[in-house]
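Participant: Have a peek at data17.txt (compact mmCIF, C-alpha atoms and all ligand atoms).
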# COMPACT_ATOMS: atom_id res chain seq x y z
CA ILE A 1 -91.14 35.10 -20.49
CA ASN A 2 -89.55 38.54 -20.41
CA ARG A 3 -89.06 39.33 -16.76
CA ILE A 4 -88.31 36.88 -13.96
CA GLY A 5 -88.95 37.74 -10.32
CA VAL A 6 -86.60 36.19 -7.76
CA PHE A 7 -87.04 36.10 -3.98
CA THR A 8 -85.91 34.33 -0.82
CA SER A 9 -88.39 33.27 1.85
CA GLY A 10 -88.58 31.40 5.15
CA GLY A 11 -85.39 30.77 7.11
CA ASP A 12 -82.22 32.08 5.46
CA ALA A 13 -79.42 29.73 4.50
CA PRO A 14 -75.84 30.17 3.26
CA GLY A 15 -75.83 29.90 -0.52
CA MET A 16 -79.02 31.89 -1.08
CA ASN A 17 -77.01 34.85 -2.38
CA ALA A 18 -75.08 32.63 -4.75
CA ALA A 19 -78.41 31.32 -6.06
CA ILE A 20 -79.78 34.86 -6.56
CA ARG A 21 -76.60 35.77 -8.44
CA SER A 22 -76.94 32.76 -10.67
CA VAL A 23 -80.62 33.40 -11.45
CA VAL A 24 -79.84 37.02 -12.36
CA ARG A 25 -76.80 36.27 -14.52
CA THR A 26 -78.42 33.33 -16.32
CA ALA A 27 -81.55 35.36 -17.11
CA LEU A 28 -79.53 38.35 -18.34
CA TYR A 29 -77.43 36.02 -20.48
CA GLU A 30 -80.69 34.82 -22.05
CA ASN A 31 -81.74 38.44 -22.69
CA LYS A 32 -84.40 38.43 -19.98
CA LYS A 33 -84.92 41.00 -17.26
CA VAL A 34 -84.93 40.26 -13.54
CA THR A 35 -86.77 41.88 -10.64
CA GLY A 36 -85.56 41.21 -7.11
CA ILE A 37 -88.42 40.96 -4.62
CA TYR A 38 -87.48 41.94 -1.06
CA HIS A 39 -88.77 40.08 2.03
CA GLY A 40 -90.27 37.10 0.23
CA TYR A 41 -94.05 37.00 -0.11
CA GLN A 42 -94.42 40.07 2.12
CA GLY A 43 -92.48 42.08 -0.46
CA MET A 44 -94.85 40.92 -3.20
CA ILE A 45 -97.79 42.21 -1.17
CA ASP A 46 -95.98 45.48 -0.37
CA ALA A 47 -94.52 45.85 -3.90
CA GLU A 48 -90.92 45.99 -2.70
CA PHE A 49 -89.22 45.51 -6.04
CA THR A 50 -85.81 46.29 -7.45
CA ASP A 51 -84.39 45.88 -10.92
CA MET A 52 -81.48 43.43 -10.86
CA THR A 53 -78.46 44.23 -12.99
CA SER A 54 -75.41 42.02 -13.30
CA HIS A 55 -73.59 44.52 -11.09
CA ALA A 56 -76.29 44.23 -8.40
CA VAL A 57 -75.11 40.69 -7.72
CA SER A 58 -71.37 41.41 -7.75
CA SER A 59 -69.38 40.11 -4.80
CA ILE A 60 -72.23 38.24 -3.16
CA ILE A 61 -71.31 34.64 -4.05
CA ASN A 62 -69.25 34.51 -0.85
CA ARG A 63 -71.77 36.17 1.45
CA GLY A 64 -74.08 34.37 3.88
CA GLY A 65 -77.68 35.47 4.46
CA THR A 66 -79.67 36.95 1.60
CA ILE A 67 -79.33 40.41 0.03
CA LEU A 68 -83.04 40.25 -0.85
CA LYS A 69 -83.92 39.66 2.84
CA SER A 70 -86.35 37.03 3.96
CA ALA A 71 -89.59 37.07 5.90
CA ARG A 72 -92.47 34.97 7.04
CA CYS A 73 -95.77 36.33 5.74
CA LEU A 74 -99.13 35.27 7.12
CA ASP A 75 -101.12 37.43 4.66
CA PHE A 76 -99.88 35.31 1.78
CA LYS A 77 -101.77 32.37 3.24
CA THR A 78 -105.02 34.21 2.47
CA LYS A 79 -106.67 34.52 -0.96
CA GLU A 80 -106.81 38.32 -0.59
CA GLY A 81 -103.11 38.50 0.22
CA ARG A 82 -102.19 36.45 -2.82
CA ALA A 83 -104.51 38.54 -5.05
CA LYS A 84 -102.66 41.67 -3.95
CA ALA A 85 -99.30 40.00 -4.51
CA TYR A 86 -100.30 38.86 -7.98
CA ALA A 87 -101.63 42.31 -8.95
CA ASN A 88 -98.29 43.84 -7.90
CA ILE A 89 -96.11 41.38 -9.76
CA LYS A 90 -98.30 41.76 -12.88
CA ARG A 91 -97.96 45.55 -12.68
CA GLU A 92 -94.20 45.13 -12.39
CA GLY A 93 -94.22 43.06 -15.59
CA ILE A 94 -92.97 39.92 -13.84
CA ASP A 95 -94.13 36.90 -15.80
CA ALA A 96 -92.30 34.06 -14.02
CA LEU A 97 -90.92 33.48 -10.52
CA VAL A 98 -87.96 31.75 -8.91
CA ALA A 99 -88.59 31.06 -5.21
CA ILE A 100 -85.71 30.16 -2.92
CA GLY A 101 -86.67 28.65 0.45
CA GLY A 102 -88.08 25.68 2.31
CA ASP A 103 -91.32 23.72 2.10
CA GLY A 104 -93.51 26.63 3.27
CA THR A 105 -92.05 28.72 0.46
CA PHE A 106 -92.68 25.89 -2.00
CA THR A 107 -96.31 25.61 -0.83
CA GLY A 108 -96.89 29.35 -1.35
CA ALA A 109 -95.36 29.17 -4.84
CA GLN A 110 -97.46 26.17 -5.76
CA ILE A 111 -100.71 27.80 -4.63
CA LEU A 112 -99.93 31.06 -6.45
CA SER A 113 -99.10 29.28 -9.70
CA GLN A 114 -102.31 27.25 -9.46
CA GLU A 115 -104.54 30.26 -8.73
CA TYR A 116 -102.93 32.52 -11.33
CA ASP A 117 -101.25 31.90 -14.61
CA ILE A 118 -97.67 32.41 -13.48
CA PRO A 119 -94.85 29.90 -13.98
CA VAL A 120 -92.73 29.17 -10.90
CA MET A 121 -89.56 27.22 -10.22
CA CYS A 122 -88.27 26.60 -6.71
CA ILE A 123 -84.77 26.24 -5.30
CA PRO A 124 -84.38 24.32 -2.02
CA GLY A 125 -82.66 26.63 0.47
CA THR A 126 -82.52 25.41 4.05
CA ILE A 127 -79.74 24.13 6.27
CA ASP A 128 -81.92 21.22 7.43
CA ASN A 129 -81.60 19.15 4.25
CA ASP A 130 -85.18 18.01 4.74
CA LEU A 131 -86.73 18.61 1.33
CA TYR A 132 -87.74 15.94 -1.13
CA GLY A 133 -86.32 16.23 -4.64
CA SER A 134 -82.69 17.00 -3.82
CA ASP A 135 -79.95 15.00 -2.17
CA TYR A 136 -78.70 18.26 -0.69
CA THR A 137 -80.33 21.60 0.08
CA LEU A 138 -78.49 24.93 -0.03
CA GLY A 139 -76.75 25.74 3.23
CA TYR A 140 -76.57 22.20 4.58
CA ASP A 141 -72.90 21.68 3.77
CA THR A 142 -71.92 25.08 5.18
CA ALA A 143 -73.89 24.45 8.38
CA ASN A 144 -72.12 21.09 8.81
CA ASN A 145 -68.75 22.79 8.45
CA THR A 146 -69.75 25.40 11.01
CA VAL A 147 -70.84 22.73 13.48
CA ILE A 148 -67.66 20.71 13.00
CA GLU A 149 -65.55 23.80 13.69
CA ALA A 150 -67.52 24.40 16.88
CA ILE A 151 -67.14 20.76 17.97
CA ASP A 152 -63.38 20.94 17.42
CA LYS A 153 -63.16 23.97 19.69
CA ILE A 154 -65.41 22.44 22.32
CA ARG A 155 -63.31 19.30 22.28
CA ASP A 156 -60.17 21.27 23.13
CA THR A 157 -61.73 22.54 26.33
CA ALA A 158 -63.51 19.23 27.04
CA ALA A 159 -60.24 17.28 26.81
CA SER A 160 -58.41 19.73 29.07
CA HIS A 161 -60.89 19.26 31.90
CA ASN A 162 -62.23 15.73 31.37
CA ARG A 163 -65.60 17.21 30.67
CA VAL A 164 -68.63 15.78 28.95
CA PHE A 165 -70.24 18.20 26.56
CA PHE A 166 -73.78 18.04 25.26
CA VAL A 167 -73.95 20.06 22.07
CA GLU A 168 -77.35 20.92 20.64
CA VAL A 169 -77.47 21.47 16.88
CA MET A 170 -80.32 22.64 14.62
CA GLY A 171 -82.86 20.18 13.25
CA ARG A 172 -86.37 20.16 14.68
CA ASP A 173 -87.53 17.31 12.46
CA SER A 174 -84.33 16.36 10.71
CA GLY A 175 -81.24 14.79 12.23
CA CYS A 176 -79.17 15.33 9.08
CA ILE A 177 -76.86 17.98 10.60
CA ALA A 178 -76.53 16.08 13.89
CA LEU A 179 -75.50 12.88 12.12
CA GLN A 180 -73.23 14.40 9.49
CA ALA A 181 -71.48 16.81 11.85
CA GLY A 182 -71.47 14.22 14.63
CA VAL A 183 -69.53 11.77 12.48
CA GLY A 184 -67.29 14.51 11.09
CA GLY A 185 -66.62 15.88 14.57
CA GLY A 186 -66.02 12.47 16.12
CA ALA A 187 -68.92 12.60 18.60
CA GLU A 188 -69.23 9.79 21.18
CA ALA A 189 -73.01 9.70 20.75
CA ILE A 190 -75.59 11.30 18.48
CA LEU A 191 -79.27 11.80 19.34
CA LEU A 192 -81.69 12.35 16.46
CA PRO A 193 -85.39 13.13 16.10
CA GLU A 194 -85.85 10.24 13.68
CA LYS A 195 -84.40 7.62 15.94
CA GLU A 196 -85.37 7.34 19.56
CA THR A 197 -82.43 6.81 21.86
CA ALA A 198 -83.46 6.17 25.43
CA ILE A 199 -81.44 8.02 28.04
CA ALA A 200 -80.57 4.61 29.56
CA GLU A 201 -78.99 3.64 26.25
CA LEU A 202 -77.01 6.88 26.16
CA ILE A 203 -75.80 6.33 29.72
CA GLU A 204 -74.64 2.85 28.78
CA LEU A 205 -72.71 4.28 25.82
CA LEU A 206 -71.03 6.85 28.03
CA GLU A 207 -70.18 4.21 30.62
CA GLN A 208 -68.44 2.18 27.94
CA ALA A 209 -66.58 5.28 26.77
CA GLU A 210 -65.51 5.96 30.35
CA VAL A 211 -64.20 2.42 30.74
CA ARG A 212 -62.08 3.03 27.65
CA ASN A 213 -60.66 6.09 29.38
CA LYS A 214 -61.74 8.70 26.86
CA SER A 215 -60.24 12.07 27.66
CA SER A 216 -63.31 13.92 26.45
CA MET A 217 -66.83 13.04 25.46
CA ILE A 218 -69.09 14.93 23.12
CA VAL A 219 -72.74 14.08 22.63
CA ILE A 220 -74.52 15.74 19.73
CA ILE A 221 -78.24 16.28 20.19
CA ALA A 222 -80.53 17.52 17.43
CA GLU A 223 -83.09 20.14 18.54
CA GLY A 224 -85.91 17.73 17.79
CA ASP A 225 -84.61 14.80 19.85
CA LYS A 226 -87.50 13.27 21.77
CA ASN A 227 -85.89 13.20 25.25
CA GLY A 228 -87.20 16.58 26.38
CA GLY A 229 -84.34 18.82 25.30
CA VAL A 230 -80.61 18.98 25.80
CA TYR A 231 -80.79 20.27 29.41
CA ASN A 232 -83.08 17.42 30.39
CA VAL A 233 -80.76 14.83 28.88
CA ALA A 234 -77.75 16.44 30.58
CA LYS A 235 -79.58 16.47 33.92
CA HIS A 236 -80.36 12.75 33.74
CA VAL A 237 -76.82 11.86 32.79
CA GLN A 238 -75.45 14.09 35.55
CA GLU A 239 -77.60 12.25 38.12
CA LYS A 240 -76.00 9.00 37.07
CA PHE A 241 -72.44 10.29 36.76
CA ASP A 242 -71.89 12.73 39.59
CA HIS A 243 -68.13 12.60 39.01
CA PHE A 244 -68.52 14.01 35.49
CA ASP A 245 -68.27 17.71 34.84
CA ILE A 246 -71.16 18.07 32.41
CA LYS A 247 -71.59 21.12 30.20
CA VAL A 248 -74.25 22.09 27.68
CA SER A 249 -73.63 24.13 24.59
CA ILE A 250 -76.44 25.23 22.26
CA LEU A 251 -75.02 26.33 18.94
CA GLY A 252 -78.21 28.09 17.80
CA HIS A 253 -78.35 30.59 14.99
CA LEU A 254 -74.64 30.75 14.28
CA GLN A 255 -75.33 27.59 12.28
CA ARG A 256 -77.41 29.63 9.81
CA GLY A 257 -74.74 32.18 8.99
CA GLY A 258 -71.33 32.39 7.45
CA SER A 259 -69.74 32.37 4.06
CA PRO A 260 -71.05 29.43 2.00
CA SER A 261 -68.75 26.48 1.43
CA SER A 262 -67.38 25.70 -2.00
CA PHE A 263 -69.97 22.94 -2.31
CA ASP A 264 -72.90 25.26 -1.51
CA ARG A 265 -71.65 27.98 -3.86
CA VAL A 266 -71.40 25.61 -6.78
CA LEU A 267 -74.69 23.90 -5.94
CA ALA A 268 -76.44 27.30 -5.71
CA THR A 269 -74.96 28.37 -9.00
CA ARG A 270 -76.09 25.18 -10.72
CA MET A 271 -79.55 25.43 -9.17
CA GLY A 272 -80.06 29.06 -10.20
CA TYR A 273 -78.93 28.30 -13.72
CA THR A 274 -81.19 25.24 -13.95
CA ALA A 275 -84.22 27.06 -12.53
CA VAL A 276 -84.01 29.78 -15.20
CA ARG A 277 -83.28 27.36 -18.03
CA GLU A 278 -86.23 25.18 -17.01
CA LEU A 279 -88.60 28.17 -16.87
CA LEU A 280 -87.49 29.22 -20.34
CA LYS A 281 -88.07 25.67 -21.59
CA GLY A 282 -91.66 25.87 -20.32
CA ASN A 283 -91.28 23.90 -17.10
CA SER A 284 -93.26 25.21 -14.12
CA GLY A 285 -94.54 24.18 -10.70
CA ALA A 286 -91.38 22.26 -9.89
CA THR A 287 -88.28 22.36 -7.72
CA VAL A 288 -84.74 21.92 -8.93
CA GLY A 289 -82.45 19.55 -7.09
CA ILE A 290 -79.30 17.47 -7.27
CA ARG A 291 -79.36 13.68 -7.56
CA GLY A 292 -75.92 12.14 -7.59
CA ILE A 293 -74.03 14.54 -9.83
CA ASP A 294 -77.02 15.55 -11.96
CA MET A 295 -79.43 18.45 -11.75
CA ILE A 296 -83.04 17.29 -11.77
CA THR A 297 -86.50 18.79 -11.39
CA THR A 298 -89.39 17.38 -9.36
CA PRO A 299 -93.02 18.56 -9.56
CA LEU A 300 -93.93 20.54 -6.44
CA GLU A 301 -96.87 18.28 -5.78
CA GLN A 302 -94.55 15.30 -5.53
CA ALA A 303 -91.93 17.22 -3.55
CA LEU A 304 -94.49 18.45 -1.02
CA ASN A 305 -96.30 15.16 -0.59
CA ASN A 306 -93.19 13.14 0.14
CA ARG A 307 -91.13 13.79 3.14
CA GLU A 308 -87.93 12.12 2.28
CA PHE A 309 -86.36 9.95 4.93
CA LYS A 310 -82.80 11.00 4.27
CA LEU A 311 -81.27 9.64 7.43
CA ASN A 312 -78.38 7.49 6.36
CA GLU A 313 -78.69 4.31 8.42
CA GLU A 314 -75.22 3.16 7.46
CA LEU A 315 -73.73 6.42 8.65
CA LEU A 316 -75.56 5.98 11.94
CA GLU A 317 -73.99 2.53 12.30
CA ILE A 318 -70.58 3.94 11.39
CA ALA A 319 -70.99 6.61 14.08
CA LYS A 320 -71.54 3.85 16.64
CA VAL A 321 -68.51 1.88 15.48
CA MET A 322 -66.32 5.00 15.54
CA SER A 323 -67.16 5.76 19.14
CA PHE A 324 -65.86 2.36 20.20
P1 LIG B 401 -87.76 27.00 6.59
O1 LIG B 401 -88.74 25.99 7.11
O2 LIG B 401 -86.51 26.40 6.10
O3 LIG B 401 -87.56 28.13 7.52
P2 LIG B 401 -89.89 27.67 4.80
O4 LIG B 401 -89.92 28.18 3.42
O5 LIG B 401 -90.53 26.33 5.03
O6 LIG B 401 -88.40 27.68 5.27
P3 LIG B 401 -92.07 28.97 6.19
O7 LIG B 401 -92.07 30.08 7.18
O8 LIG B 401 -92.74 27.71 6.50
O9 LIG B 401 -90.54 28.74 5.81
O10 LIG B 401 -92.72 29.53 4.84
C1 LIG B 401 -92.29 30.75 4.26
C2 LIG B 401 -93.48 31.55 3.80
O11 LIG B 401 -94.17 30.83 2.76
C3 LIG B 401 -94.54 31.79 4.84
O12 LIG B 401 -94.23 32.85 5.71
C4 LIG B 401 -95.73 32.13 3.97
O13 LIG B 401 -95.68 33.45 3.50
C5 LIG B 401 -95.53 31.18 2.78
N1 LIG B 401 -96.39 29.99 2.98
C6 LIG B 401 -96.15 28.94 3.78
N2 LIG B 401 -97.19 28.06 3.78
C7 LIG B 401 -98.11 28.60 2.94
C8 LIG B 401 -99.42 28.20 2.52
N3 LIG B 401 -99.98 27.08 2.96
N4 LIG B 401 -100.08 29.01 1.66
C9 LIG B 401 -99.51 30.15 1.22
N5 LIG B 401 -98.30 30.58 1.58
C10 LIG B 401 -97.59 29.83 2.44
Can you turn what I pasted into structure tokens?
Facilitator:
Amino acid sequence: INRIGVFTSGGDAPGMNAAIRSVVRTALYENKKVTGIYHGYQGMIDAEFTDMTSHAVSSIINRGGTILKSARCLDFKTKEGRAKAYANIKREGIDALVAIGGDGTFTGAQILSQEYDIPVMCIPGTIDNDLYGSDYTLGYDTANNTVIEAIDKIRDTAASHNRVFFVEVMGRDSGCIALQAGVGGGAEAILLPEKETAIAELIELLEQAEVRNKSSMIVIIAEGDKNGGVYNVAKHVQEKFDHFDIKVSILGHLQRGGSPSSFDRVLATRMGYTAVRELLKGNSGATVGIRGIDMITTPLEQALNNREFKLNEELLEIAKVMSF
């Protein structure tokens, strides 16, 4: 391997820049060259390449988003699209790839490395923490911190007016952020996609909280909760409690941005380092990850065929106890 191509793809996440920096610096340290590929797979097809020097990744460890940009690319799902991408990366002299993204990105990398003789290593970058092969994905910790900060602010206004706030957080399939930030933010109730909570059950919880004279109530709802969306839940609760002043707050894309936390920066740096070292050792078709305190790799086939159920049941129980 002489030249490694690095790119970010799918949804962006805080820590992606720190991972790019680490890939570049580790490869240069090992006397390899690095090409940055803009806009993920689309940039491979359009030959949007840039030579990465050590200076090119200066002062980005602290920056959210991704300097290489990200994109979703339908053409890459076709054989013709991938043939064009491969021809371009070959012409550029790229002989190995590091892909940073979510499961769609992993799937694309796996297919490319199976169709053509190109080693790939993946780095899990998504705030959802929903990938198999790593206890934590890049951006998850930062997103939790962002949500907690928002909950703290919402609680100030909720407590001043005896309001009940329904706060929707990201997570279409994964309740990781809702649970983690819900516990950290002291939410009265948490609704997750993985665990059905009937509205009747939620109403009962809020009734109990009211009896205990809570000055404010915050309910965290993951995007993927199965009760028809945050407005629907709020409407049903409002019908039952007409004396409550109910407000809805959807945090949305602000959860994706921001300077990465210390945890995400260090995790990204370890993952970038490991991805390059593994490629140079001959490993391919795998994702790097963290298990406990160790860096590990998992074959993509295994990572993509197992959707890890990461919901921490004990934490869910603790959340219930804490709202008492
Ligand atoms: P996230 O879900 O966190 O936003 P992701 O990496 O899963 O990130 P996707 O949009 O699903 O995001 O995938 C990113 C890109 O990977 C797609 O736009 C496409 O170019 C490529 N990709 C996804 N699935 C495939 C596939 N089956 N074959 C080839 N390429 C794919």
Participant: Write out as an NGL selection string which residues come within 7 Å of Phe165 in chain A when counting all atoms listed in the file, dropping same-chain ones fewer than 4 positions away.
Facilitator: :A and (158 or 217-219 or 246-248)
Participant: Tell me which residues come within 10 Å of (-74.8, 29.3, 14.8), as a VMD selection string, counting all atoms listed in the file in the file's coordinates.
Facilitator: chain A and resid 143 146 to 147 150 169 to 170 250 to 258
Participant: Name the closest residue to ligand LIG 401 (chain B) among the candidates A:Ala286, A:Leu316, A:Ile127, A:Ala47; distances are taken between atoms, counting only C-alpha atoms and all ligand atoms.
Facilitator: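 Of A:Ala286, A:Leu316, A:Ile127, A:Ala47, the one nearest ligand LIG 401 (chain B), counting only C-alpha atoms and all ligand atoms, is A:Ile127.
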Participant: Could you list, as number ranges by chain, all the residues within 9 Å of ligand LIG 401 (chain B), counting all atoms listed in the file?
Facilitator: A: 8-13, 40-42, 70-79, 82, 100-112, 124-130
Participant: Store the residues picked out above, limited to C-alpha atoms, as a PDB file, in the coordinates of the input.
Facilitator:
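Contents of out.pdb, freshly written:
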ATOM      1  CA  THR A   8     -85.910  34.330  -0.820  1.00  0.00           C
ATOM      2  CA  SER A   9     -88.390  33.270   1.850  1.00  0.00           C
ATOM      3  CA  GLY A  10     -88.580  31.400   5.150  1.00  0.00           C
ATOM      4  CA  GLY A  11     -85.390  30.770   7.110  1.00  0.00           C
ATOM      5  CA  ASP A  12     -82.220  32.080   5.460  1.00  0.00           C
ATOM      6  CA  ALA A  13     -79.420  29.730   4.500  1.00  0.00           C
ATOM      7  CA  GLY A  40     -90.270  37.100   0.230  1.00  0.00           C
ATOM      8  CA  TYR A  41     -94.050  37.000  -0.110  1.00  0.00           C
ATOM      9  CA  GLN A  42     -94.420  40.070   2.120  1.00  0.00           C
ATOM     10  CA  SER A  70     -86.350  37.030   3.960  1.00  0.00           C
ATOM     11  CA  ALA A  71     -89.590  37.070   5.900  1.00  0.00           C
ATOM     12  CA  ARG A  72     -92.470  34.970   7.040  1.00  0.00           C
ATOM     13  CA  CYS A  73     -95.770  36.330   5.740  1.00  0.00           C
ATOM     14  CA  LEU A  74     -99.130  35.270   7.120  1.00  0.00           C
ATOM     15  CA  ASP A  75    -101.120  37.430   4.660  1.00  0.00           C
ATOM     16  CA  PHE A  76     -99.880  35.310   1.780  1.00  0.00           C
ATOM     17  CA  LYS A  77    -101.770  32.370   3.240  1.00  0.00           C
ATOM     18  CA  THR A  78    -105.020  34.210   2.470  1.00  0.00           C
ATOM     19  CA  LYS A  79    -106.670  34.520  -0.960  1.00  0.00           C
ATOM     20  CA  ARG A  82    -102.190  36.450  -2.820  1.00  0.00           C
ATOM     21  CA  ILE A 100     -85.710  30.160  -2.920  1.00  0.00           C
ATOM     22  CA  GLY A 101     -86.670  28.650   0.450  1.00  0.00           C
ATOM     23  CA  GLY A 102     -88.080  25.680   2.310  1.00  0.00           C
ATOM     24  CA  ASP A 103     -91.320  23.720   2.100  1.00  0.00           C
ATOM     25  CA  GLY A 104     -93.510  26.630   3.270  1.00  0.00           C
ATOM     26  CA  THR A 105     -92.050  28.720   0.460  1.00  0.00           C
ATOM     27  CA  PHE A 106     -92.680  25.890  -2.000  1.00  0.00           C
ATOM     28  CA  THR A 107     -96.310  25.610  -0.830  1.00  0.00           C
ATOM     29  CA  GLY A 108     -96.890  29.350  -1.350  1.00  0.00           C
ATOM     30  CA  ALA A 109     -95.360  29.170  -4.840  1.00  0.00           C
ATOM     31  CA  GLN A 110     -97.460  26.170  -5.760  1.00  0.00           C
ATOM     32  CA  ILE A 111    -100.710  27.800  -4.630  1.00  0.00           C
ATOM     33  CA  LEU A 112     -99.930  31.060  -6.450  1.00  0.00           C
ATOM     34  CA  PRO A 124     -84.380  24.320  -2.020  1.00  0.00           C
ATOM     35  CA  GLY A 125     -82.660  26.630   0.470  1.00  0.00           C
ATOM     36  CA  THR A 126     -82.520  25.410   4.050  1.00  0.00           C
ATOM     37  CA  ILE A 127     -79.740  24.130   6.270  1.00  0.00           C
ATOM     38  CA  ASP A 128     -81.920  21.220   7.430  1.00  0.00           C
ATOM     39  CA  ASN A 129     -81.600  19.150   4.250  1.00  0.00           C
ATOM     40  CA  ASP A 130     -85.180  18.010   4.740  1.00  0.00           C
TER      41      ASP A 130
END
Participant: With all atoms listed in the file as the counted atoms, please give the residues lying no more than 7 Å from Ala85 in chain A, apart from itself and same-chain residues fewer than 3 positions off, as a PDB file with C-alpha atoms, in the coordinates of the input.
Facilitator:
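Saved to out38.pdb:
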ATOM      1  CA  MET A  44     -94.850  40.920  -3.200  1.00  0.00           C
ATOM      2  CA  ILE A  45     -97.790  42.210  -1.170  1.00  0.00           C
ATOM      3  CA  GLY A  81    -103.110  38.500   0.220  1.00  0.00           C
ATOM      4  CA  ARG A  82    -102.190  36.450  -2.820  1.00  0.00           C
ATOM      5  CA  ASN A  88     -98.290  43.840  -7.900  1.00  0.00           C
ATOM      6  CA  ILE A  89     -96.110  41.380  -9.760  1.00  0.00           C
TER       7      ILE A  89
END
Participant: Find the residues of range 56-125 of chain A that sit at most 9 Å from range 18-33 of chain A; for each, write down the nearest two atoms and how far apart they are in Å, to one decimal. Count only C-alpha atoms. Sort by chain, then by number going up, and give it as JSON lines.
Facilitator:
{"residue": "A:Ala56", "atom": "CA", "partner": "A:Arg21", "partner_atom": "CA", "distance": 8.5}
{"residue": "A:Val57", "atom": "CA", "partner": "A:Arg21", "partner_atom": "CA", "distance": 5.2}
{"residue": "A:Ser58", "atom": "CA", "partner": "A:Arg21", "partner_atom": "CA", "distance": 7.7}
{"residue": "A:Ile60", "atom": "CA", "partner": "A:Ala18", "partner_atom": "CA", "distance": 6.5}
{"residue": "A:Ile61", "atom": "CA", "partner": "A:Ala18", "partner_atom": "CA", "distance": 4.3}
{"residue": "A:Asn62", "atom": "CA", "partner": "A:Ala18", "partner_atom": "CA", "distance": 7.3}
{"residue": "A:Arg63", "atom": "CA", "partner": "A:Ala18", "partner_atom": "CA", "distance": 7.9}
{"residue": "A:Gly64", "atom": "CA", "partner": "A:Ala18", "partner_atom": "CA", "distance": 8.9}
{"residue": "A:Thr66", "atom": "CA", "partner": "A:Ile20", "partner_atom": "CA", "distance": 8.4}
{"residue": "A:Ile67", "atom": "CA", "partner": "A:Ile20", "partner_atom": "CA", "distance": 8.6}
{"residue": "A:Leu68", "atom": "CA", "partner": "A:Ile20", "partner_atom": "CA", "distance": 8.5}
{"residue": "A:Ile94", "atom": "CA", "partner": "A:Lys33", "partner_atom": "CA", "distance": 8.8}
{"residue": "A:Val98", "atom": "CA", "partner": "A:Val23", "partner_atom": "CA", "distance": 7.9}
{"residue": "A:Ile100", "atom": "CA", "partner": "A:Ala19", "partner_atom": "CA", "distance": 8.0}
{"residue": "A:Ile123", "atom": "CA", "partner": "A:Ala19", "partner_atom": "CA", "distance": 8.2}
Participant: Neighbouring residues of His161 in chain A were defined as those with any atom within 10 Å, considering all atoms listed in the file; residues of the same chain fewer than 3 positions away were excluded. Please report them as a short mmCIF file (atom, residue, chain, number, x, y, z; two decimals) with C-alpha atoms, keeping the file's coordinate frame.
Facilitator:
data_model
loop_
_atom_site.label_atom_id
_atom_site.label_comp_id
_atom_site.auth_asym_id
_atom_site.auth_seq_id
_atom_site.Cartn_x
_atom_site.Cartn_y
_atom_site.Cartn_z
CA ARG A 155 -63.31 19.30 22.28
CA ASP A 156 -60.17 21.27 23.13
CA THR A 157 -61.73 22.54 26.33
CA ALA A 158 -63.51 19.23 27.04
CA VAL A 164 -68.63 15.78 28.95
CA SER A 215 -60.24 12.07 27.66
CA SER A 216 -63.31 13.92 26.45
CA PHE A 244 -68.52 14.01 35.49
CA ASP A 245 -68.27 17.71 34.84
#
Participant: If we count only C-alpha atoms and set the cut-off at 12 Å, which residues sit around Ile190 in chain A, ignoring sequence neighbours fewer than 4 positions away in its own chain? Please answer as a PyMOL selection string.
Facilitator: chain A and resi 165-169+175-186+194-199+201-202+205-206+217-223+225+230+315-320+322-323
Participant: Calculate how many Å separate CA of Asn162 in chain A from CA of Leu192 in chain A, rounding to one decimal.
Facilitator: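 Value for the CA of Asn162 in chain A-CA of Leu192 in chain A distance: 24.7 Å.
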Participant: Just to confirm, what's the straight-line distance from CA of Ala209 in chain A to CA of Asp152 in chain A in Å (one decimal)?
Facilitator: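 According to the coordinates, CA of Ala209 in chain A and CA of Asp152 in chain A are separated by 18.5 Å.
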